[in-house]
Structure formats: structure tokens, C-alpha cells
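> File follows, model_7.csv with CSV, C-alpha atoms and all ligand atoms:
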chain,number,residue,atom,x,y,z
A,1,MET,CA,44.5,-27.1,92.3
A,2,SER,CA,47.4,-29.5,92.6
A,3,LEU,CA,48.3,-29.5,96.3
A,4,ALA,CA,48.0,-33.2,97.4
A,5,ALA,CA,46.1,-33.5,100.6
A,6,PHE,CA,47.7,-36.9,101.3
A,7,PRO,CA,51.3,-37.3,100.1
A,8,GLY,CA,51.3,-41.1,99.6
A,9,SER,CA,48.2,-43.3,99.1
A,10,VAL,CA,44.6,-43.2,99.9
A,11,HIS,CA,42.6,-46.4,100.5
A,12,VAL,CA,38.8,-46.2,99.9
A,13,ARG,CA,36.3,-49.0,100.3
A,14,ALA,CA,32.9,-49.0,98.5
A,15,PRO,CA,30.1,-51.6,98.8
A,16,GLY,CA,28.3,-53.7,96.3
A,17,LYS,CA,24.5,-53.5,96.1
A,18,ILE,CA,21.4,-55.6,95.9
A,19,ASN,CA,18.3,-54.4,94.2
A,20,VAL,CA,15.6,-55.3,96.7
A,21,TYR,CA,13.0,-54.1,94.3
A,22,LEU,CA,13.5,-53.4,90.6
A,23,GLY,CA,10.6,-52.3,88.4
A,24,VAL,CA,11.5,-51.6,84.7
A,25,GLY,CA,9.3,-49.4,82.6
A,26,GLY,CA,9.5,-48.3,79.0
A,27,ARG,CA,12.6,-47.5,77.0
A,28,HIS,CA,13.6,-43.9,76.4
A,29,ASP,CA,15.0,-42.7,73.1
A,30,ASP,CA,18.5,-42.7,74.5
A,31,GLY,CA,18.2,-46.4,75.2
A,32,TYR,CA,17.8,-46.2,79.0
A,33,HIS,CA,14.8,-47.7,80.6
A,34,ALA,CA,12.6,-46.0,83.1
A,35,LEU,CA,13.2,-47.6,86.5
A,36,ALA,CA,11.9,-47.6,90.1
A,37,THR,CA,14.3,-49.4,92.3
A,38,VAL,CA,15.4,-49.9,95.9
A,39,PHE,CA,19.1,-50.4,96.4
A,40,GLN,CA,20.7,-51.8,99.5
A,41,ALA,CA,24.4,-51.6,100.1
A,42,VAL,CA,25.8,-54.8,101.5
A,43,SER,CA,29.0,-55.9,103.2
A,44,LEU,CA,30.8,-57.1,100.1
A,45,TYR,CA,33.3,-54.5,99.2
A,46,GLU,CA,35.6,-53.2,96.5
A,47,ASP,CA,38.9,-51.6,97.7
A,48,VAL,CA,40.6,-48.9,95.7
A,49,ILE,CA,44.0,-47.6,96.6
A,50,ALA,CA,45.0,-44.4,94.9
A,51,THR,CA,48.7,-43.6,94.8
A,52,ALA,CA,50.3,-40.3,93.6
A,53,SER,CA,51.7,-40.6,90.1
A,54,ASP,CA,52.4,-38.5,87.0
A,55,GLU,CA,50.6,-41.0,84.8
A,56,PHE,CA,47.1,-42.6,84.9
A,57,THR,CA,47.7,-46.4,85.5
A,58,LEU,CA,45.6,-49.2,86.9
A,59,SER,CA,46.0,-52.7,88.3
A,60,VAL,CA,43.2,-55.1,89.2
A,61,SER,CA,43.2,-58.2,91.4
A,62,GLY,CA,40.4,-60.1,93.1
A,63,VAL,CA,39.1,-63.1,94.9
A,64,GLU,CA,37.6,-64.4,91.7
A,65,ASP,CA,38.5,-64.2,88.0
A,66,THR,CA,39.0,-60.5,87.0
A,67,SER,CA,40.1,-61.1,83.4
A,68,ALA,CA,36.9,-59.5,82.0
A,69,VAL,CA,37.8,-56.2,83.7
A,70,PRO,CA,39.2,-53.7,81.3
A,71,LEU,CA,42.6,-52.1,82.2
A,72,ASP,CA,42.3,-49.1,79.9
A,73,ASP,CA,40.0,-46.1,79.6
A,74,ARG,CA,36.9,-48.4,79.5
A,75,ASN,CA,37.5,-49.1,83.2
A,76,LEU,CA,34.9,-47.1,85.2
A,77,ALA,CA,37.4,-46.3,87.9
A,78,MET,CA,39.9,-44.9,85.4
A,79,ARG,CA,37.2,-42.9,83.8
A,80,ALA,CA,36.2,-41.5,87.2
A,81,ALA,CA,39.8,-40.4,88.0
A,82,LYS,CA,40.2,-38.7,84.6
A,83,MET,CA,36.8,-37.1,84.8
A,84,LEU,CA,37.7,-35.7,88.3
A,85,ALA,CA,41.0,-34.4,87.0
A,86,ALA,CA,39.3,-32.7,84.0
A,87,ALA,CA,36.6,-31.2,86.2
A,88,THR,CA,39.0,-29.7,88.7
A,89,GLY,CA,42.0,-28.8,86.4
A,90,TYR,CA,44.3,-31.2,88.3
A,91,GLU,CA,47.3,-31.8,86.1
A,92,GLY,CA,49.0,-34.9,87.6
A,93,GLY,CA,47.9,-38.6,87.4
A,94,VAL,CA,47.3,-41.5,89.7
A,95,HIS,CA,47.9,-45.2,90.0
A,96,LEU,CA,44.7,-47.0,91.0
A,97,GLU,CA,45.0,-50.5,92.5
A,98,ILE,CA,41.6,-52.2,92.5
A,99,ARG,CA,41.0,-55.2,94.8
A,100,LYS,CA,37.7,-56.7,93.8
A,101,SER,CA,35.4,-58.8,96.0
A,102,VAL,CA,32.2,-58.0,94.2
A,103,PRO,CA,31.7,-60.6,91.3
A,104,VAL,CA,32.4,-59.1,87.9
A,105,ALA,CA,29.2,-58.6,85.8
A,106,GLY,CA,27.3,-60.1,88.7
A,107,GLY,CA,24.5,-57.6,88.9
A,108,MET,CA,25.9,-56.1,92.1
A,109,GLY,CA,27.4,-52.9,90.7
A,110,GLY,CA,31.1,-53.7,91.3
A,111,GLY,CA,32.3,-51.4,88.5
A,112,SER,CA,30.1,-48.6,89.9
A,113,ALA,CA,31.6,-49.2,93.4
A,114,ASP,CA,35.1,-48.9,91.8
A,115,ALA,CA,34.1,-45.6,90.2
A,116,ALA,CA,32.7,-44.2,93.4
A,117,ALA,CA,35.8,-45.3,95.3
A,118,ALA,CA,38.1,-43.8,92.7
A,119,LEU,CA,36.3,-40.4,92.9
A,120,VAL,CA,36.6,-40.3,96.7
A,121,ALA,CA,40.2,-41.5,96.7
A,122,CYS,CA,41.5,-39.2,94.0
A,123,ASP,CA,39.6,-36.2,95.6
A,124,ALA,CA,41.4,-36.9,98.9
A,125,LEU,CA,44.8,-37.7,97.3
A,126,TRP,CA,44.8,-34.6,95.1
A,127,GLY,CA,43.2,-32.3,97.6
A,128,THR,CA,40.6,-31.2,95.0
A,129,GLY,CA,38.0,-30.8,97.7
A,130,LEU,CA,35.0,-31.4,95.5
A,131,HIS,CA,31.6,-30.4,97.1
A,132,PRO,CA,29.2,-33.3,97.6
A,133,PRO,CA,26.6,-32.1,95.0
A,134,ARG,CA,29.3,-31.8,92.4
A,135,MET,CA,30.7,-35.3,93.3
A,136,HIS,CA,27.2,-36.7,92.9
A,137,GLU,CA,26.9,-35.0,89.5
A,138,LEU,CA,30.2,-36.6,88.3
A,139,ALA,CA,29.1,-39.9,89.7
A,140,ALA,CA,25.7,-39.7,87.8
A,141,ARG,CA,27.6,-39.0,84.5
A,142,LEU,CA,29.7,-42.1,85.0
A,143,GLY,CA,26.8,-44.5,85.4
A,144,ALA,CA,23.3,-44.8,86.9
A,145,ASP,CA,24.5,-46.9,89.9
A,146,VAL,CA,27.5,-44.8,90.8
A,147,PRO,CA,25.7,-42.2,92.9
A,148,PHE,CA,24.3,-45.0,95.1
A,149,ALA,CA,27.8,-46.5,95.6
A,150,LEU,CA,28.9,-43.1,96.9
A,151,HIS,CA,26.0,-42.8,99.4
A,152,GLY,CA,25.3,-46.4,100.4
A,153,GLY,CA,22.7,-47.3,102.9
A,154,THR,CA,19.2,-48.0,101.5
A,155,ALA,CA,17.8,-45.8,98.8
A,156,VAL,CA,15.1,-45.4,96.2
A,157,GLY,CA,16.3,-44.8,92.7
A,158,THR,CA,14.0,-43.4,90.0
A,159,GLY,CA,14.4,-41.9,86.6
A,160,ARG,CA,17.1,-44.0,85.1
A,161,GLY,CA,17.9,-45.3,88.6
A,162,ASP,CA,20.2,-42.3,89.3
A,163,GLN,CA,17.7,-40.0,91.0
A,164,LEU,CA,18.3,-41.1,94.5
A,165,ASN,CA,16.4,-40.6,97.7
A,166,PRO,CA,17.3,-42.2,101.0
A,167,ALA,CA,14.9,-44.8,102.2
A,168,LEU,CA,14.3,-45.3,105.9
A,169,ALA,CA,15.5,-48.8,106.9
A,170,HIS,CA,15.5,-50.1,110.4
A,171,GLY,CA,18.0,-52.6,111.7
A,172,ARG,CA,19.9,-55.1,109.8
A,173,PHE,CA,19.0,-57.5,107.0
A,174,ASP,CA,20.9,-60.8,106.5
A,175,TRP,CA,21.5,-62.0,102.9
A,176,VAL,CA,23.0,-65.0,101.4
A,177,LEU,CA,24.5,-64.4,97.9
A,178,VAL,CA,25.0,-67.2,95.4
A,179,THR,CA,27.6,-66.0,92.9
A,180,SER,CA,28.3,-67.5,89.4
A,181,GLU,CA,31.6,-67.9,87.8
A,182,GLU,CA,30.4,-66.4,84.5
A,183,GLY,CA,28.7,-63.0,84.5
A,184,LEU,CA,25.7,-61.7,82.5
A,185,SER,CA,25.8,-58.6,80.3
A,186,THR,CA,23.4,-55.9,81.7
A,187,PRO,CA,22.5,-54.6,78.2
A,188,ALA,CA,21.8,-58.1,76.9
A,189,ILE,CA,19.4,-58.7,79.8
A,190,TYR,CA,17.5,-55.5,79.1
A,191,ALA,CA,17.3,-56.4,75.4
A,192,ARG,CA,15.9,-59.8,76.4
A,193,LEU,CA,13.3,-58.1,78.6
A,194,ASP,CA,12.2,-55.9,75.6
A,195,THR,CA,12.0,-58.9,73.3
A,196,HIS,CA,10.1,-61.0,75.8
A,197,ARG,CA,7.6,-58.2,76.5
A,198,SER,CA,6.9,-57.6,72.8
A,199,GLN,CA,6.7,-61.3,71.9
A,200,SER,CA,4.8,-62.7,74.8
A,201,GLY,CA,2.4,-59.7,75.2
A,202,ALA,CA,3.5,-59.8,78.8
A,203,LEU,CA,2.1,-56.3,79.3
A,204,ALA,CA,-1.4,-55.4,78.4
A,205,ASP,CA,-0.4,-51.7,77.8
A,206,ASP,CA,2.8,-50.0,76.8
A,207,PRO,CA,5.3,-50.1,79.7
A,208,PRO,CA,5.0,-46.9,81.8
A,209,MET,CA,7.6,-44.1,81.4
A,210,SER,CA,7.4,-43.3,85.1
A,211,LEU,CA,7.2,-45.8,87.9
A,212,ASP,CA,7.0,-45.8,91.7
A,213,VAL,CA,8.3,-48.3,94.3
A,214,PRO,CA,5.3,-50.1,95.9
A,215,ILE,CA,4.5,-48.9,99.4
A,216,PRO,CA,4.8,-52.4,101.1
A,217,VAL,CA,8.5,-52.5,100.1
A,218,LEU,CA,9.2,-49.2,101.8
A,219,GLN,CA,7.0,-50.1,104.9
A,220,ALA,CA,8.9,-53.4,105.3
A,221,LEU,CA,12.3,-51.7,105.2
A,222,ARG,CA,11.1,-49.0,107.6
A,223,ALA,CA,9.8,-51.6,110.1
A,224,GLY,CA,13.0,-53.8,109.7
A,225,GLU,CA,10.8,-56.8,109.1
A,226,PRO,CA,12.5,-59.4,106.9
A,227,ARG,CA,9.3,-61.5,106.5
A,228,SER,CA,7.4,-58.5,105.1
A,229,LEU,CA,10.3,-57.5,102.8
A,230,ALA,CA,10.6,-61.1,101.6
A,231,ALA,CA,6.9,-61.0,100.5
A,232,SER,CA,7.3,-57.7,98.6
A,233,MET,CA,10.7,-58.2,96.9
A,234,PHE,CA,10.5,-58.2,93.1
A,235,ASN,CA,12.7,-57.8,90.0
A,236,ASP,CA,11.5,-57.3,86.5
A,237,LEU,CA,14.9,-58.4,85.2
A,238,GLU,CA,14.5,-61.9,86.8
A,239,VAL,CA,12.5,-63.4,83.9
A,240,PRO,CA,15.1,-62.3,81.2
A,241,ALA,CA,17.9,-63.4,83.5
A,242,LEU,CA,16.3,-66.8,83.9
A,243,LEU,CA,15.8,-67.1,80.2
A,244,GLU,CA,19.4,-66.3,79.6
A,245,ARG,CA,20.7,-68.6,82.5
A,246,PRO,CA,18.0,-71.3,83.2
A,247,SER,CA,20.2,-72.9,85.9
A,248,LEU,CA,19.4,-69.9,88.2
A,249,ASP,CA,16.0,-71.4,88.7
A,250,GLY,CA,17.5,-74.4,90.5
A,251,VAL,CA,19.7,-72.0,92.6
A,252,ILE,CA,16.6,-70.1,93.8
A,253,LYS,CA,14.8,-73.4,94.6
A,254,ALA,CA,17.8,-74.7,96.6
A,255,GLY,CA,18.0,-71.5,98.7
A,256,LEU,CA,14.3,-71.6,99.5
A,257,SER,CA,14.3,-75.2,100.5
A,258,ALA,CA,17.3,-74.5,102.7
A,259,GLY,CA,15.1,-72.0,104.6
A,260,ALA,CA,15.6,-68.6,103.0
A,261,LEU,CA,12.5,-66.4,103.2
A,262,SER,CA,12.8,-65.3,99.6
A,263,GLY,CA,15.3,-65.4,96.8
A,264,ILE,CA,15.7,-62.9,94.0
A,265,VAL,CA,18.1,-62.3,91.1
A,266,SER,CA,20.1,-59.2,91.9
A,267,GLY,CA,19.9,-56.5,89.3
A,268,SER,CA,20.6,-58.1,85.9
A,269,GLY,CA,22.1,-61.2,87.6
A,270,PRO,CA,23.4,-63.8,87.7
A,271,THR,CA,24.0,-63.3,91.5
A,272,VAL,CA,21.0,-64.6,93.5
A,273,ALA,CA,20.3,-62.8,96.8
A,274,PHE,CA,18.4,-64.8,99.5
A,275,LEU,CA,16.8,-62.8,102.4
A,276,CYS,CA,17.0,-64.7,105.7
A,277,GLU,CA,15.2,-64.3,109.0
A,278,SER,CA,18.3,-63.9,111.1
A,279,PRO,CA,22.1,-64.1,111.1
A,280,GLU,CA,21.8,-67.8,112.3
A,281,SER,CA,19.4,-68.7,109.6
A,282,ALA,CA,21.6,-67.1,107.0
A,283,HIS,CA,24.6,-69.1,108.3
A,284,TYR,CA,22.5,-72.3,107.9
A,285,VAL,CA,21.3,-71.4,104.4
A,286,GLN,CA,24.9,-70.5,103.4
A,287,SER,CA,26.3,-73.8,104.6
A,288,GLU,CA,23.4,-75.9,103.0
A,289,LEU,CA,24.1,-74.1,99.7
A,290,MET,CA,27.8,-74.6,99.9
A,291,ASP,CA,27.3,-78.3,100.7
A,292,ALA,CA,25.2,-78.5,97.5
A,293,GLY,CA,28.2,-77.1,95.6
A,294,HIS,CA,27.2,-73.4,95.3
A,295,ALA,CA,29.5,-70.5,96.0
A,296,ALA,CA,27.6,-68.8,98.8
A,297,LEU,CA,28.4,-65.7,100.9
A,298,HIS,CA,26.7,-64.4,104.0
A,299,VAL,CA,26.5,-60.5,103.9
A,300,HIS,CA,24.4,-57.9,105.7
A,301,GLY,CA,22.9,-54.6,104.8
A,302,PRO,CA,22.6,-51.7,104.9
A,303,VAL,CA,26.2,-50.5,105.1
A,304,SER,CA,27.7,-47.1,104.3
A,305,GLY,CA,28.9,-45.9,100.9
A,306,ALA,CA,32.4,-45.1,99.7
A,307,ARG,CA,34.6,-44.1,102.6
A,308,ILE,CA,38.3,-43.5,103.3
A,309,ILE,CA,39.9,-46.4,105.2
A,310,THR,CA,43.4,-45.1,105.5
A,311,ALA,CA,45.4,-42.3,104.0
A,401,LIG,P1,25.7,-53.2,86.6
A,401,LIG,O1,26.2,-52.0,87.4
A,401,LIG,O2,25.3,-52.9,85.2
A,401,LIG,O3,24.6,-54.1,87.3
A,401,LIG,P2,27.3,-55.5,87.0
A,401,LIG,O4,27.4,-55.3,88.5
A,401,LIG,O5,26.5,-56.6,86.5
A,401,LIG,O6,26.9,-54.1,86.4
A,401,LIG,P3,30.2,-54.9,86.8
A,401,LIG,O7,31.1,-55.9,87.4
A,401,LIG,O8,30.0,-53.6,87.4
A,401,LIG,O9,28.8,-55.6,86.5
A,401,LIG,O10,30.7,-54.6,85.3
A,401,LIG,C1,30.1,-54.9,84.1
A,401,LIG,C2,31.1,-54.7,82.9
A,401,LIG,O11,31.6,-53.4,83.0
A,401,LIG,C3,32.2,-55.7,83.0
A,401,LIG,O12,32.0,-56.9,82.3
A,401,LIG,C4,33.4,-54.9,82.4
A,401,LIG,O13,33.5,-55.1,81.0
A,401,LIG,C5,33.0,-53.4,82.6
A,401,LIG,N1,33.8,-52.7,83.6
A,401,LIG,C6,34.3,-51.5,83.5
A,401,LIG,N2,34.9,-51.1,84.6
A,401,LIG,C7,34.9,-52.1,85.5
A,401,LIG,C8,35.4,-52.3,86.8
A,401,LIG,N3,36.1,-51.4,87.5
A,401,LIG,N4,35.1,-53.5,87.4
A,401,LIG,C9,34.4,-54.4,86.7
A,401,LIG,N5,33.9,-54.3,85.5
A,401,LIG,C10,34.1,-53.1,84.8
Rewrite the coordinates I just gave you, this time as C-alpha cells.
Ligand code: ATP

Amino acid sequence: MSLAAFPGSVHVRAPGKINVYLGVGGRHDDGYHALATVFQAVSLYEDVIATASDEFTLSVSGVEDTSAVPLDDRNLAMRAAKMLAAATGYEGGVHLEIRKSVPVAGGMGGGSADAAAALVACDALWGTGLHPPRMHELAARLGADVPFALHGGTAVGTGRGDQLNPALAHGRFDWVLVTSEEGLSTPAIYARLDTHRSQSGALADDPPMSLDVPIPVLQALRAGEPRSLAASMFNDLEVPALLERPSLDGVIKAGLSAGALSGIVSGSGPTVAFLCESPESAHYVQSELMDAGHAALHVHGPVSGARIITA
């Protein structure tokens, strides 16, 4: 199929995520860990504009430093476009313009959001009309967090984090994010977790190869109660992230003393996500953290996944 559905450009927006809960089990032979996680899509977005072209080209800009983002085939958005072309037999190319707001290597799935946005944008631009289950399949091949960036909302991820089931979430949750100038490598944080577990005897038994999200997390989301959610938030990657970046401990303490209900490292960090009681409380926590010299953003969730803004 090569009939372009949209002759010029397609603009797609996809959200970053917070892991409200992240339990990490044992390591499979392929290197992936068994996970049980709850993702929530938040109102910090990546914008991808796909423009018709004979070649595959890419440009990246952002509110923060984007020099760590690869511009070649290692870029997840580029891989997504090429994978879609190969899967559908599309013979042309695309220029992808990525405008990043999600911090690079921040534990918020920015690259995964770019990949999800590129899939949706190219599918619309090229008129390839991929069915949703096939789109989900391509997304899962690109990375464990990509299917969630397609769907958005609040979802439970099991297996390697890519087996998604929507979670009922009532109302809106207000978060303050403290971002760091320098990212953390996700593989390095998992490696630290493995070393820490084996050296410290942190687990009495071998880590489980299949995990569940604790019921209180799901109940708090369903009830829309930030206080209950704050009491049940947890991240197994927090210990290795703090070992790698000890200064994050001070960030968590600063947010809590400013009035956040709870603070947690998001994914593999270094972004710290503070859950607040209300929009007003989040506004106060944000300004206190900024006065103390931190880069703090007020976002809310859940928001929808990758969607077309204009064509
Ligand atoms: P994870 O999804 O593992 O939690 P993250 O949110 O911590 O990742 P990302 O910003 O998604 O971090 O990217 C991590 C690394 O992936 C970057 O350091 C970069 O080398 C590579 N990468 C590939 N494509 C992209 C992209 N489109 N945007 C950002 N990084 C990308």
C-alpha cells in the first residue's frame, strides 16, 4: 500500500509515564526481568511530526539537552517507522521531527513515547491502516514500554511489562516531577539491582519469575484516593537508583517536607514523582521545590495515549 492518507504532515502527541508501582522479579535467560507494574500516563508529552519523504530522516529538539538522543537507526522512533514500512510493504520514507518534553533517560519512557507516536503518525501519513492488534504487536517488538505509550491511561503491565491490561482509575491524580540534568541508564540500574540482591541477601528466596500488583494499589486507583495510593506506591528499582545517584534521597526528603503525600523514583530514575493531595497542593510543592533549586513540573494523570493532533 502506498496511497498516503494525509498528503503533507501528521502531528502525533504521546505521553510520558510514571510507574506508580514497579515490582521486579527474577531475570529470564534473555536478560529481561519478570515485572509487575502499574503505569500511569501523565501530561508531559512528546510531539512527533511525520512528513512525507522518499528517505528516512530524523531531527530532534527539546526543552532540555537532547544530545544523548541517537539520530540514526538506534533511535526508537526511526526503528518504529522502518518496522511499520517493512510490515506493510510501504516503499517510501518519512521525515520525523521529534520535539521532546520528557527528560531523556529519565525513567519516564520518552523514547517509547516517540516510538508509539511514530507508529501512529506514519500509519496515518502512509495510509497503511494497521489494525490495532497488529499495531500493538509491532509496539511490543520495539520495547516493553511502547504498547503502554500507544494506549495511555492507567494500566497493569506483567510479563516483561508488555502484557498490558487497563486498570480502572477514578478521577485525576496530581504529580510533581523533579527532573535531573543527567539521566540514568536503565540496564545499569537493573544490573545494580541484581548485584545488590545477591550481595546483600536482600531476598530470602530466589526472586519470583511471576509477580502480581498488590490489591491495595489497584483499590486506591479505582477509588481515586491519592492518600491510599501514596501509602501503597512502591518501586523495586528505587534502591539501585539511590545507590547510583545518592543525591536523589535529598530530593525525596525535600518533596515530602514540602507537603507531598509520597515520593517515588519513577521507573529506573532519576526522575522523582511526588503524589499530591490536590492541584493546589501540587502547585505549592512545585514552588517550594523550585525555590530550593530543583527543576520541578506539575503534571496530572491519567491522560490518553498516542493520538493525532493535526494532519
Ligand atoms: P525506559 O523506557 O527504559 O525507562 P527512559 O525513559 O529512562 O527509558 P529514554 O529517554 O526513553 O529513557 O531513552 C533511554 C535511551 O534510549 C537514551 O539514552 C538513548 O540513548 C536511547 N534512545 C533511543 N531512541 C530514543 C528517543 N527517541 N528518545 C530518547 N532516547 C532514545
> Smallest atom-to-atom distance to Asn165 in chain A: which of A:Ile98, A:Ala36, A:Ala241, A:Leu297, using all atoms listed in the file?
A:Ala36
> How far is it from CA of Pro279 in chain A to CA of Asp145 in chain A, in Å with one decimal?
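We find that CA of Pro279 in chain A and CA of Asp145 in chain A lie 27.4 Å from each other.
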> Check every protein, DNA and RNA residue against ligand LIG 401 (chain A), keep those with an atom at most 6 Å away (counting all atoms listed in the file), and present them as a list in words.
Ala68, Val69, Pro70, Arg74, Asn75, Leu76, Ala77, Val104, Ala105, Gly106, Gly107, Met108, Gly109, Gly110, Gly111, Ser112, Asp114, Asp145, Thr186, Gly267 and Ser268 of chain A
> Name the closest residue to Gly62 in chain A among the candidates A:Leu96, A:Pro147, A:Gly157, A:Ser101; distances are taken between atoms, counting only C-alpha atoms.
A:Ser101
> Can you pull out every residue within 12 Å of Ala85 in chain A, counting all atoms listed in the file, but drop anything in the same chain fewer than 3 positions away, and send it as a PyMOL selection string?
chain A and resi 1-2+55-56+78-82+88-94+118-119+122-123+125-130+138
> Determine, counting all atoms listed in the file, which protein, DNA and RNA residues have an atom within 9 Å of an atom of Glu288 in chain A; residues of the same chain fewer than 6 positions away are not included. Present the result as a PyMOL selection string.
chain A and resi 254-255+258+294
> As an exercise, work out the distance from CA of Ile18 in chain A to CA of Ser200 in chain A in Å and give it to one decimal place.
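Pair CA of Ile18 in chain A / CA of Ser200 in chain A returns 27.8 Å.
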> Show which residues sit within 12 Å of Gly250 in chain A, as a PyMOL selection string. Count only C-alpha atoms, and ignore same-chain residues fewer than 5 positions away.
chain A and resi 178+242+245+255-257+263+272+289+292+294
> So how far away is CA of Val176 in chain A from CA of Ala260 in chain A, in Å?
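Straight-line distance from CA of Ala260 in chain A to CA of Val176 in chain A works out to 8.4 Å.
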> Just checking: using all atoms listed in the file, which residue out of A:Ala169, A:Met209, A:Val60, A:Leu184 ends up closest to Asp29 in chain A?
A:Met209
> Leaving out Pro214 in chain A and any residue of its chain fewer than 6 positions from it, which residues lie within 10 Å of it when counting all atoms listed in the file, given as a list in words?
Tyr21, Gly23, Ala36, Thr37, Ser232 and Met233 of chain A
> Extract, using only C-alpha atoms, all DNA, RNA and protein residues at most 9 Å from range 187-193 of chain A, discarding same-chain residues fewer than 3 positions from it, and format them as a list in words.
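Within the cut-off, the hits are His33, Leu184, His196, Arg197, Ser198, Asp236, Leu237, Val239, Pro240, Ala241, Leu243, Glu244, Ser268 and Gly269 of chain A.
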> Between A:Leu150, A:Val63, A:Ala144, A:Ala124, single out the one closest to Ile49 in chain A, counting only C-alpha atoms.
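Of A:Leu150, A:Val63, A:Ala144, A:Ala124, the one nearest Ile49 in chain A, counting only C-alpha atoms, is A:Ala124.
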